[in-house]
Structures are given as structure tokens and as C-alpha cells.
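For reference, query_23.cif is printed below; it contains mmCIF, N, CA and C atoms.
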```cif
data_start
#
loop_
_atom_site.group_PDB
_atom_site.id
_atom_site.type_symbol
_atom_site.label_atom_id
_atom_site.label_comp_id
_atom_site.auth_asym_id
_atom_site.auth_seq_id
_atom_site.Cartn_x
_atom_site.Cartn_y
_atom_site.Cartn_z
ATOM 1 N N MET A 1 -99.875 -232.751 -160.120
ATOM 2 C CA MET A 1 -99.039 -231.964 -160.994
ATOM 3 C C MET A 1 -97.831 -231.458 -160.213
ATOM 4 N N ILE A 2 -96.705 -231.438 -160.861
ATOM 5 C CA ILE A 2 -95.467 -231.037 -160.191
ATOM 6 C C ILE A 2 -95.385 -229.516 -160.075
ATOM 7 N N ASP A 3 -94.812 -229.079 -159.013
ATOM 8 C CA ASP A 3 -94.626 -227.666 -158.762
ATOM 9 C C ASP A 3 -93.567 -227.111 -159.731
ATOM 10 N N PRO A 4 -93.801 -225.935 -160.336
ATOM 11 C CA PRO A 4 -92.801 -225.376 -161.268
ATOM 12 C C PRO A 4 -91.438 -225.140 -160.622
ATOM 13 N N PHE A 5 -91.438 -224.747 -159.338
ATOM 14 C CA PHE A 5 -90.163 -224.555 -158.657
ATOM 15 C C PHE A 5 -89.380 -225.859 -158.573
ATOM 16 N N ALA A 6 -90.067 -226.942 -158.222
ATOM 17 C CA ALA A 6 -89.397 -228.237 -158.102
ATOM 18 C C ALA A 6 -88.875 -228.700 -159.457
ATOM 19 N N LEU A 7 -89.626 -228.457 -160.511
ATOM 20 C CA LEU A 7 -89.200 -228.863 -161.851
ATOM 21 C C LEU A 7 -87.971 -228.092 -162.304
ATOM 22 N N ILE A 8 -88.014 -226.779 -162.170
ATOM 23 C CA ILE A 8 -86.890 -225.948 -162.620
ATOM 24 C C ILE A 8 -85.648 -226.191 -161.769
ATOM 25 N N SER A 9 -85.822 -226.254 -160.461
ATOM 26 C CA SER A 9 -84.663 -226.485 -159.602
ATOM 27 C C SER A 9 -84.135 -227.915 -159.758
ATOM 28 N N GLY A 10 -85.013 -228.869 -160.091
ATOM 29 C CA GLY A 10 -84.559 -230.235 -160.359
ATOM 30 C C GLY A 10 -83.685 -230.294 -161.601
ATOM 31 N N PHE A 11 -84.067 -229.565 -162.649
ATOM 32 C CA PHE A 11 -83.229 -229.500 -163.843
ATOM 33 C C PHE A 11 -81.906 -228.802 -163.567
ATOM 34 N N ALA A 12 -81.951 -227.754 -162.762
ATOM 35 C CA ALA A 12 -80.710 -227.059 -162.398
ATOM 36 C C ALA A 12 -79.784 -227.994 -161.613
ATOM 37 N N LEU A 13 -80.350 -228.766 -160.710
ATOM 38 C CA LEU A 13 -79.553 -229.722 -159.944
ATOM 39 C C LEU A 13 -79.007 -230.830 -160.835
ATOM 40 N N LEU A 14 -79.787 -231.251 -161.812
ATOM 41 C CA LEU A 14 -79.330 -232.251 -162.768
ATOM 42 C C LEU A 14 -78.087 -231.750 -163.506
ATOM 43 N N GLY A 15 -78.124 -230.514 -163.962
ATOM 44 C CA GLY A 15 -76.970 -229.937 -164.648
ATOM 45 C C GLY A 15 -75.768 -229.769 -163.735
ATOM 46 N N ALA A 16 -76.019 -229.312 -162.506
ATOM 47 C CA ALA A 16 -74.918 -229.117 -161.564
ATOM 48 C C ALA A 16 -74.268 -230.445 -161.178
ATOM 49 N N SER A 17 -75.071 -231.470 -160.951
ATOM 50 C CA SER A 17 -74.494 -232.769 -160.583
ATOM 51 C C SER A 17 -73.787 -233.400 -161.772
ATOM 52 N N SER A 18 -74.272 -233.132 -162.955
ATOM 53 C CA SER A 18 -73.595 -233.619 -164.149
ATOM 54 C C SER A 18 -72.220 -232.966 -164.296
ATOM 55 N N LEU A 19 -72.162 -231.681 -164.041
ATOM 56 C CA LEU A 19 -70.883 -230.965 -164.114
ATOM 57 C C LEU A 19 -69.919 -231.446 -163.035
ATOM 58 N N ILE A 20 -70.418 -231.676 -161.834
ATOM 59 C CA ILE A 20 -69.562 -232.178 -160.752
ATOM 60 C C ILE A 20 -69.007 -233.547 -161.111
ATOM 61 N N ALA A 21 -69.863 -234.425 -161.609
ATOM 62 C CA ALA A 21 -69.404 -235.774 -161.952
ATOM 63 C C ALA A 21 -68.416 -235.742 -163.117
ATOM 64 N N PHE A 22 -68.587 -234.807 -164.021
ATOM 65 C CA PHE A 22 -67.669 -234.700 -165.157
ATOM 66 C C PHE A 22 -66.305 -234.170 -164.719
ATOM 67 N N ARG A 23 -66.298 -233.173 -163.837
ATOM 68 C CA ARG A 23 -65.042 -232.556 -163.419
ATOM 69 C C ARG A 23 -64.293 -233.387 -162.380
ATOM 70 N N VAL A 24 -65.008 -233.972 -161.429
ATOM 71 C CA VAL A 24 -64.382 -234.781 -160.382
ATOM 72 C C VAL A 24 -64.455 -236.225 -160.853
ATOM 73 N N ARG A 25 -63.353 -236.774 -161.274
ATOM 74 C CA ARG A 25 -63.353 -238.089 -161.912
ATOM 75 C C ARG A 25 -63.421 -239.260 -160.937
ATOM 76 N N GLN A 26 -63.192 -239.006 -159.650
ATOM 77 C CA GLN A 26 -63.226 -240.092 -158.675
ATOM 78 C C GLN A 26 -64.637 -240.234 -158.121
ATOM 79 N N LEU A 27 -65.065 -241.456 -157.922
ATOM 80 C CA LEU A 27 -66.452 -241.753 -157.577
ATOM 81 C C LEU A 27 -66.867 -241.210 -156.212
ATOM 82 N N VAL A 28 -66.106 -241.491 -155.188
ATOM 83 C CA VAL A 28 -66.528 -241.142 -153.832
ATOM 84 C C VAL A 28 -66.590 -239.623 -153.619
ATOM 85 N N PRO A 29 -65.564 -238.848 -153.988
ATOM 86 C CA PRO A 29 -65.689 -237.395 -153.792
ATOM 87 C C PRO A 29 -66.815 -236.781 -154.621
ATOM 88 N N ALA A 30 -67.017 -237.261 -155.823
ATOM 89 C CA ALA A 30 -68.090 -236.727 -156.658
ATOM 90 C C ALA A 30 -69.451 -237.064 -156.050
ATOM 91 N N ALA A 31 -69.623 -238.282 -155.594
ATOM 92 C CA ALA A 31 -70.898 -238.685 -154.997
ATOM 93 C C ALA A 31 -71.175 -237.902 -153.718
ATOM 94 N N LEU A 32 -70.162 -237.694 -152.900
ATOM 95 C CA LEU A 32 -70.349 -236.926 -151.668
ATOM 96 C C LEU A 32 -70.723 -235.478 -151.967
ATOM 97 N N ALA A 33 -70.066 -234.884 -152.946
ATOM 98 C CA ALA A 33 -70.372 -233.501 -153.313
ATOM 99 C C ALA A 33 -71.785 -233.379 -153.876
ATOM 100 N N ILE A 34 -72.193 -234.330 -154.682
ATOM 101 C CA ILE A 34 -73.531 -234.297 -155.280
ATOM 102 C C ILE A 34 -74.606 -234.489 -154.224
ATOM 103 N N VAL A 35 -74.414 -235.425 -153.322
ATOM 104 C CA VAL A 35 -75.397 -235.664 -152.250
ATOM 105 C C VAL A 35 -75.480 -234.450 -151.332
ATOM 106 N N LEU A 36 -74.343 -233.873 -151.005
ATOM 107 C CA LEU A 36 -74.331 -232.682 -150.168
ATOM 108 C C LEU A 36 -75.071 -231.532 -150.841
ATOM 109 N N LEU A 37 -74.848 -231.345 -152.118
ATOM 110 C CA LEU A 37 -75.538 -230.301 -152.871
ATOM 111 C C LEU A 37 -77.047 -230.518 -152.883
ATOM 112 N N ALA A 38 -77.482 -231.744 -153.118
ATOM 113 C CA ALA A 38 -78.913 -232.041 -153.172
ATOM 114 C C ALA A 38 -79.585 -231.833 -151.819
ATOM 115 N N VAL A 39 -78.971 -232.305 -150.756
ATOM 116 C CA VAL A 39 -79.571 -232.170 -149.421
ATOM 117 C C VAL A 39 -79.597 -230.702 -148.989
ATOM 118 N N LEU A 40 -78.505 -229.987 -149.209
ATOM 119 C CA LEU A 40 -78.486 -228.577 -148.830
ATOM 120 C C LEU A 40 -79.482 -227.755 -149.633
ATOM 121 N N ALA A 41 -79.623 -228.053 -150.916
ATOM 122 C CA ALA A 41 -80.591 -227.327 -151.747
ATOM 123 C C ALA A 41 -82.014 -227.604 -151.277
ATOM 124 N N ALA A 42 -82.333 -228.841 -150.940
ATOM 125 C CA ALA A 42 -83.677 -229.172 -150.457
ATOM 126 C C ALA A 42 -83.948 -228.511 -149.111
ATOM 127 N N LEU A 43 -82.979 -228.555 -148.218
ATOM 128 C CA LEU A 43 -83.164 -227.920 -146.915
ATOM 129 C C LEU A 43 -83.329 -226.411 -147.048
ATOM 130 N N ALA A 44 -82.552 -225.796 -147.913
ATOM 131 C CA ALA A 44 -82.657 -224.350 -148.114
ATOM 132 C C ALA A 44 -84.001 -223.968 -148.732
ATOM 133 N N ALA A 45 -84.473 -224.749 -149.689
ATOM 134 C CA ALA A 45 -85.752 -224.437 -150.332
ATOM 135 C C ALA A 45 -86.903 -224.520 -149.342
ATOM 136 N N VAL A 46 -86.880 -225.498 -148.460
ATOM 137 C CA VAL A 46 -87.938 -225.624 -147.461
ATOM 138 C C VAL A 46 -87.784 -224.544 -146.393
ATOM 139 N N ARG A 47 -86.571 -224.286 -145.999
ATOM 140 C CA ARG A 47 -86.312 -223.274 -144.956
ATOM 141 C C ARG A 47 -86.767 -221.884 -145.388
ATOM 142 N N PHE A 48 -86.536 -221.532 -146.662
ATOM 143 C CA PHE A 48 -86.903 -220.206 -147.156
ATOM 144 C C PHE A 48 -88.324 -220.140 -147.703
ATOM 145 N N GLY A 49 -89.085 -221.216 -147.547
ATOM 146 C CA GLY A 49 -90.485 -221.195 -147.904
ATOM 147 C C GLY A 49 -90.782 -221.359 -149.381
ATOM 148 N N LEU A 50 -89.825 -221.836 -150.155
ATOM 149 C CA LEU A 50 -90.048 -222.027 -151.580
ATOM 150 C C LEU A 50 -90.796 -223.324 -151.878
ATOM 151 N N PHE A 51 -90.785 -224.248 -150.934
ATOM 152 C CA PHE A 51 -91.484 -225.519 -151.079
ATOM 153 C C PHE A 51 -92.042 -225.902 -149.722
ATOM 154 N N ASP A 52 -93.171 -226.599 -149.717
ATOM 155 C CA ASP A 52 -93.869 -226.869 -148.457
ATOM 156 C C ASP A 52 -93.249 -227.978 -147.622
ATOM 157 N N SER A 53 -92.878 -229.090 -148.265
ATOM 158 C CA SER A 53 -92.435 -230.260 -147.521
ATOM 159 C C SER A 53 -91.076 -230.729 -148.022
ATOM 160 N N LEU A 54 -90.291 -231.265 -147.133
ATOM 161 C CA LEU A 54 -88.936 -231.694 -147.484
ATOM 162 C C LEU A 54 -88.919 -233.008 -148.255
ATOM 163 N N THR A 55 -89.765 -233.960 -147.895
ATOM 164 C CA THR A 55 -89.688 -235.301 -148.471
ATOM 165 C C THR A 55 -89.904 -235.343 -149.987
ATOM 166 N N PRO A 56 -90.958 -234.741 -150.542
ATOM 167 C CA PRO A 56 -91.111 -234.811 -152.004
ATOM 168 C C PRO A 56 -89.991 -234.091 -152.746
ATOM 169 N N LEU A 57 -89.557 -232.967 -152.204
ATOM 170 C CA LEU A 57 -88.482 -232.228 -152.857
ATOM 171 C C LEU A 57 -87.176 -233.005 -152.801
ATOM 172 N N LEU A 58 -86.922 -233.682 -151.697
ATOM 173 C CA LEU A 58 -85.711 -234.484 -151.578
ATOM 174 C C LEU A 58 -85.730 -235.665 -152.546
ATOM 175 N N VAL A 59 -86.892 -236.245 -152.774
ATOM 176 C CA VAL A 59 -87.014 -237.335 -153.746
ATOM 177 C C VAL A 59 -86.734 -236.817 -155.158
ATOM 178 N N ILE A 60 -87.298 -235.668 -155.492
ATOM 179 C CA ILE A 60 -87.062 -235.073 -156.813
ATOM 180 C C ILE A 60 -85.586 -234.741 -156.981
ATOM 181 N N TYR A 61 -84.988 -234.152 -155.963
ATOM 182 C CA TYR A 61 -83.568 -233.784 -156.042
ATOM 183 C C TYR A 61 -82.665 -235.015 -156.086
ATOM 184 N N ALA A 62 -83.018 -236.052 -155.349
ATOM 185 C CA ALA A 62 -82.201 -237.273 -155.376
ATOM 186 C C ALA A 62 -82.221 -237.910 -156.761
ATOM 187 N N ASN A 63 -83.395 -237.939 -157.381
ATOM 188 C CA ASN A 63 -83.472 -238.487 -158.738
ATOM 189 C C ASN A 63 -82.697 -237.633 -159.730
ATOM 190 N N SER A 64 -82.798 -236.326 -159.621
ATOM 191 C CA SER A 64 -82.058 -235.436 -160.511
ATOM 192 C C SER A 64 -80.554 -235.591 -160.308
ATOM 193 N N ALA A 65 -80.136 -235.680 -159.062
ATOM 194 C CA ALA A 65 -78.712 -235.828 -158.772
ATOM 195 C C ALA A 65 -78.184 -237.160 -159.283
ATOM 196 N N LEU A 66 -78.969 -238.214 -159.130
ATOM 197 C CA LEU A 66 -78.555 -239.528 -159.611
ATOM 198 C C LEU A 66 -78.412 -239.541 -161.127
ATOM 199 N N MET A 67 -79.417 -239.031 -161.825
ATOM 200 C CA MET A 67 -79.360 -239.016 -163.289
ATOM 201 C C MET A 67 -78.233 -238.123 -163.797
ATOM 202 N N GLY A 68 -78.058 -236.964 -163.183
ATOM 203 C CA GLY A 68 -76.982 -236.074 -163.586
ATOM 204 C C GLY A 68 -75.610 -236.653 -163.308
ATOM 205 N N GLY A 69 -75.462 -237.286 -162.158
ATOM 206 C CA GLY A 69 -74.176 -237.895 -161.815
ATOM 207 C C GLY A 69 -73.805 -239.027 -162.747
ATOM 208 N N ILE A 70 -74.769 -239.857 -163.073
ATOM 209 C CA ILE A 70 -74.497 -240.960 -164.006
ATOM 210 C C ILE A 70 -74.173 -240.422 -165.390
ATOM 211 N N GLY A 71 -74.955 -239.444 -165.833
ATOM 212 C CA GLY A 71 -74.712 -238.855 -167.156
ATOM 213 C C GLY A 71 -73.355 -238.188 -167.250
ATOM 214 N N GLY A 72 -72.986 -237.435 -166.232
ATOM 215 C CA GLY A 72 -71.684 -236.768 -166.233
ATOM 216 C C GLY A 72 -70.526 -237.744 -166.190
ATOM 217 N N ALA A 73 -70.667 -238.801 -165.406
ATOM 218 C CA ALA A 73 -69.608 -239.805 -165.315
ATOM 219 C C ALA A 73 -69.452 -240.574 -166.626
ATOM 220 N N LEU A 74 -70.569 -240.912 -167.251
ATOM 221 C CA LEU A 74 -70.490 -241.620 -168.539
ATOM 222 C C LEU A 74 -69.891 -240.731 -169.630
ATOM 223 N N TYR A 75 -70.242 -239.455 -169.609
ATOM 224 C CA TYR A 75 -69.678 -238.538 -170.598
ATOM 225 C C TYR A 75 -68.179 -238.334 -170.368
ATOM 226 N N ALA A 76 -67.757 -238.265 -169.113
ATOM 227 C CA ALA A 76 -66.331 -238.136 -168.810
ATOM 228 C C ALA A 76 -65.572 -239.379 -169.264
ATOM 229 N N ARG A 77 -66.162 -240.565 -169.079
ATOM 230 C CA ARG A 77 -65.521 -241.796 -169.517
ATOM 231 C C ARG A 77 -65.402 -241.830 -171.032
ATOM 232 N N LYS A 78 -66.441 -241.408 -171.716
ATOM 233 C CA LYS A 78 -66.424 -241.375 -173.187
ATOM 234 C C LYS A 78 -65.360 -240.406 -173.690
ATOM 235 N N ARG A 79 -65.269 -239.236 -173.072
ATOM 236 C CA ARG A 79 -64.258 -238.264 -173.491
ATOM 237 C C ARG A 79 -62.849 -238.784 -173.224
ATOM 238 N N ALA A 80 -62.655 -239.518 -172.136
ATOM 239 C CA ALA A 80 -61.331 -240.068 -171.825
ATOM 240 C C ALA A 80 -60.962 -241.159 -172.829
ATOM 241 N N GLU A 81 -61.938 -241.967 -173.248
ATOM 242 C CA GLU A 81 -61.667 -242.993 -174.261
ATOM 243 C C GLU A 81 -61.330 -242.379 -175.600
ATOM 244 N N GLU A 82 -62.028 -241.311 -175.969
ATOM 245 C CA GLU A 82 -61.743 -240.650 -177.235
ATOM 246 C C GLU A 82 -60.395 -239.964 -177.228
ATOM 247 N N ALA A 83 -59.998 -239.429 -176.083
ATOM 248 C CA ALA A 83 -58.687 -238.785 -175.977
ATOM 249 C C ALA A 83 -57.567 -239.803 -176.002
ATOM 250 N N GLY A 84 -57.849 -241.028 -175.571
ATOM 251 C CA GLY A 84 -56.834 -242.070 -175.547
ATOM 252 C C GLY A 84 -56.562 -242.683 -176.900
ATOM 253 N N ARG A 85 -57.425 -242.476 -177.843
ATOM 254 C CA ARG A 85 -57.232 -243.066 -179.186
ATOM 255 C C ARG A 85 -56.165 -242.383 -179.976
#
```

I'd like the structure from this file rewritten - as C-alpha cells, please.
Amino acid sequence: MIDPFALISGFALLGASSLIAFRVRQLVPAALAIVLLAVLAALAAVRFGLFDSLTPLLVIYANSALMGGIGGALYARKRAEEAGR
């Protein structure tokens, strides 16, 4: 069973990475910012004792960041196409 902290913080990271990908329209800066956010959040959670091990939390955060980044980028592309019409 997944830890409630990992679930809630994974959803928060999903939203944050989605917002970053939506606001930063270029791929490389958005990806770097999202990866940096995910790694720093995982390191901070383990450092402050909120989670026991880094590896499972990093996997959860990487998946959340990936899904959020793709979702935000696709939504930004859709909004740009609609604005161009």
C-alpha cells in the first residue's frame, strides 16, 4: 500500500510540473525545472524524515513529474492552437 505522504505529495508535484510545463513553453528549460523540482522534493522529504527511502519516492515523483509535464505541454499546445484560429 502506498504511503499517504507519497500519494499527496505526488499529486502536488503533478500539479506543479503541469503548471511549469504550461508556463514555460520551451522543452529543455521546462524539463530541467521539473526534474530539479522532483529531485529536490524527494531529497528534502527523506532528509526531514517524511519518507524512509529515497528510491521509491524518487520513482513516484519521476512518474508524477513526467505525467504532469506531458499534460501541461499538451494543454499549452491546445491553447495555442485555439488562440491561433

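Residue nearest Phe22 (chain A), chosen from A:Ala65, A:Ala83, A:Ala76, A:Ile8 and counting only C-alpha atoms: A:Ala76.
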
Applied to the shown file, which residues does the PyMOL selection byres ((chain A and resi 20) around 8) return, written as a PDB file with N, CA and C atoms, keeping the file's coordinate frame?
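Generated file (result02.pdb):
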```pdb
ATOM      1  N   LEU A  14     -79.787-231.251-161.812  1.00  0.00           N
ATOM      2  CA  LEU A  14     -79.330-232.251-162.768  1.00  0.00           C
ATOM      3  C   LEU A  14     -78.087-231.750-163.506  1.00  0.00           C
ATOM      4  N   GLY A  15     -78.124-230.514-163.962  1.00  0.00           N
ATOM      5  CA  GLY A  15     -76.970-229.937-164.648  1.00  0.00           C
ATOM      6  C   GLY A  15     -75.768-229.769-163.735  1.00  0.00           C
ATOM      7  N   ALA A  16     -76.019-229.312-162.506  1.00  0.00           N
ATOM      8  CA  ALA A  16     -74.918-229.117-161.564  1.00  0.00           C
ATOM      9  C   ALA A  16     -74.268-230.445-161.178  1.00  0.00           C
ATOM     10  N   SER A  17     -75.071-231.470-160.951  1.00  0.00           N
ATOM     11  CA  SER A  17     -74.494-232.769-160.583  1.00  0.00           C
ATOM     12  C   SER A  17     -73.787-233.400-161.772  1.00  0.00           C
ATOM     13  N   SER A  18     -74.272-233.132-162.955  1.00  0.00           N
ATOM     14  CA  SER A  18     -73.595-233.619-164.149  1.00  0.00           C
ATOM     15  C   SER A  18     -72.220-232.966-164.296  1.00  0.00           C
ATOM     16  N   LEU A  19     -72.162-231.681-164.041  1.00  0.00           N
ATOM     17  CA  LEU A  19     -70.883-230.965-164.114  1.00  0.00           C
ATOM     18  C   LEU A  19     -69.919-231.446-163.035  1.00  0.00           C
ATOM     19  N   ALA A  21     -69.863-234.425-161.609  1.00  0.00           N
ATOM     20  CA  ALA A  21     -69.404-235.774-161.952  1.00  0.00           C
ATOM     21  C   ALA A  21     -68.416-235.742-163.117  1.00  0.00           C
ATOM     22  N   PHE A  22     -68.587-234.807-164.021  1.00  0.00           N
ATOM     23  CA  PHE A  22     -67.669-234.700-165.157  1.00  0.00           C
ATOM     24  C   PHE A  22     -66.305-234.170-164.719  1.00  0.00           C
ATOM     25  N   ARG A  23     -66.298-233.173-163.837  1.00  0.00           N
ATOM     26  CA  ARG A  23     -65.042-232.556-163.419  1.00  0.00           C
ATOM     27  C   ARG A  23     -64.293-233.387-162.380  1.00  0.00           C
ATOM     28  N   VAL A  24     -65.008-233.972-161.429  1.00  0.00           N
ATOM     29  CA  VAL A  24     -64.382-234.781-160.382  1.00  0.00           C
ATOM     30  C   VAL A  24     -64.455-236.225-160.853  1.00  0.00           C
ATOM     31  N   ARG A  25     -63.353-236.774-161.274  1.00  0.00           N
ATOM     32  CA  ARG A  25     -63.353-238.089-161.912  1.00  0.00           C
ATOM     33  C   ARG A  25     -63.421-239.260-160.937  1.00  0.00           C
ATOM     34  N   PRO A  29     -65.564-238.848-153.988  1.00  0.00           N
ATOM     35  CA  PRO A  29     -65.689-237.395-153.792  1.00  0.00           C
ATOM     36  C   PRO A  29     -66.815-236.781-154.621  1.00  0.00           C
ATOM     37  N   ALA A  30     -67.017-237.261-155.823  1.00  0.00           N
ATOM     38  CA  ALA A  30     -68.090-236.727-156.658  1.00  0.00           C
ATOM     39  C   ALA A  30     -69.451-237.064-156.050  1.00  0.00           C
ATOM     40  N   ALA A  31     -69.623-238.282-155.594  1.00  0.00           N
ATOM     41  CA  ALA A  31     -70.898-238.685-154.997  1.00  0.00           C
ATOM     42  C   ALA A  31     -71.175-237.902-153.718  1.00  0.00           C
ATOM     43  N   ALA A  33     -70.066-234.884-152.946  1.00  0.00           N
ATOM     44  CA  ALA A  33     -70.372-233.501-153.313  1.00  0.00           C
ATOM     45  C   ALA A  33     -71.785-233.379-153.876  1.00  0.00           C
ATOM     46  N   ILE A  34     -72.193-234.330-154.682  1.00  0.00           N
ATOM     47  CA  ILE A  34     -73.531-234.297-155.280  1.00  0.00           C
ATOM     48  C   ILE A  34     -74.606-234.489-154.224  1.00  0.00           C
ATOM     49  N   GLY A  68     -78.058-236.964-163.183  1.00  0.00           N
ATOM     50  CA  GLY A  68     -76.982-236.074-163.586  1.00  0.00           C
ATOM     51  C   GLY A  68     -75.610-236.653-163.308  1.00  0.00           C
ATOM     52  N   GLY A  69     -75.462-237.286-162.158  1.00  0.00           N
ATOM     53  CA  GLY A  69     -74.176-237.895-161.815  1.00  0.00           C
ATOM     54  C   GLY A  69     -73.805-239.027-162.747  1.00  0.00           C
ATOM     55  N   GLY A  72     -72.986-237.435-166.232  1.00  0.00           N
ATOM     56  CA  GLY A  72     -71.684-236.768-166.233  1.00  0.00           C
ATOM     57  C   GLY A  72     -70.526-237.744-166.190  1.00  0.00           C
ATOM     58  N   ALA A  73     -70.667-238.801-165.406  1.00  0.00           N
ATOM     59  CA  ALA A  73     -69.608-239.805-165.315  1.00  0.00           C
ATOM     60  C   ALA A  73     -69.452-240.574-166.626  1.00  0.00           C
TER      61      ALA A  73
END
```

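CA of Val35 (chain A) lies 17.0 Å from atom C of Ser53 (chain A).
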
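Summary of the local environment: counting only C-alpha atoms, residues at most 7 Å from Tyr61 (chain A), other than itself and those fewer than 2 positions away along its chain, are Gly10, Leu13, Ala38, Leu57, Leu58, Val59, Asn63, Ser64 and Ala65 of chain A.
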
Serialized selection, N, CA and C atoms, as a CSV table (one decimal), keeping the file's coordinate frame:
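Writing the result to out-v3.csv gives the following:
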```
chain,number,residue,atom,x,y,z
A,10,GLY,N,-85.0,-228.9,-160.1
A,10,GLY,CA,-84.6,-230.2,-160.4
A,10,GLY,C,-83.7,-230.3,-161.6
A,13,LEU,N,-80.4,-228.8,-160.7
A,13,LEU,CA,-79.6,-229.7,-159.9
A,13,LEU,C,-79.0,-230.8,-160.8
A,38,ALA,N,-77.5,-231.7,-153.1
A,38,ALA,CA,-78.9,-232.0,-153.2
A,38,ALA,C,-79.6,-231.8,-151.8
A,57,LEU,N,-89.6,-233.0,-152.2
A,57,LEU,CA,-88.5,-232.2,-152.9
A,57,LEU,C,-87.2,-233.0,-152.8
A,58,LEU,N,-86.9,-233.7,-151.7
A,58,LEU,CA,-85.7,-234.5,-151.6
A,58,LEU,C,-85.7,-235.7,-152.5
A,59,VAL,N,-86.9,-236.2,-152.8
A,59,VAL,CA,-87.0,-237.3,-153.7
A,59,VAL,C,-86.7,-236.8,-155.2
A,63,ASN,N,-83.4,-237.9,-157.4
A,63,ASN,CA,-83.5,-238.5,-158.7
A,63,ASN,C,-82.7,-237.6,-159.7
A,64,SER,N,-82.8,-236.3,-159.6
A,64,SER,CA,-82.1,-235.4,-160.5
A,64,SER,C,-80.6,-235.6,-160.3
A,65,ALA,N,-80.1,-235.7,-159.1
A,65,ALA,CA,-78.7,-235.8,-158.8
A,65,ALA,C,-78.2,-237.2,-159.3
```

Interatomic distance, CA of Pro4 (chain A) to CA of Gly71 (chain A) (Å, one decimal)
23.3 Å

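For the pair CA of Leu32 (chain A) and CA of Glu82 (chain A), the interatomic distance is 27.2 Å.
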
Could you tell me, as number ranges by chain, which residues of chain A DSSP assigns to alpha helix (DSSP H) when given the backbone?
A: 4-23, 27-47, 54-84

Need to verify the contact set: Phe5 (chain A), 8 Å, all atoms listed in the file, exclusion of same-chain residues closer than 5 positions in sequence. Can you return it as a VMD selection string?
chain A and resid 10 to 11 50 to 51
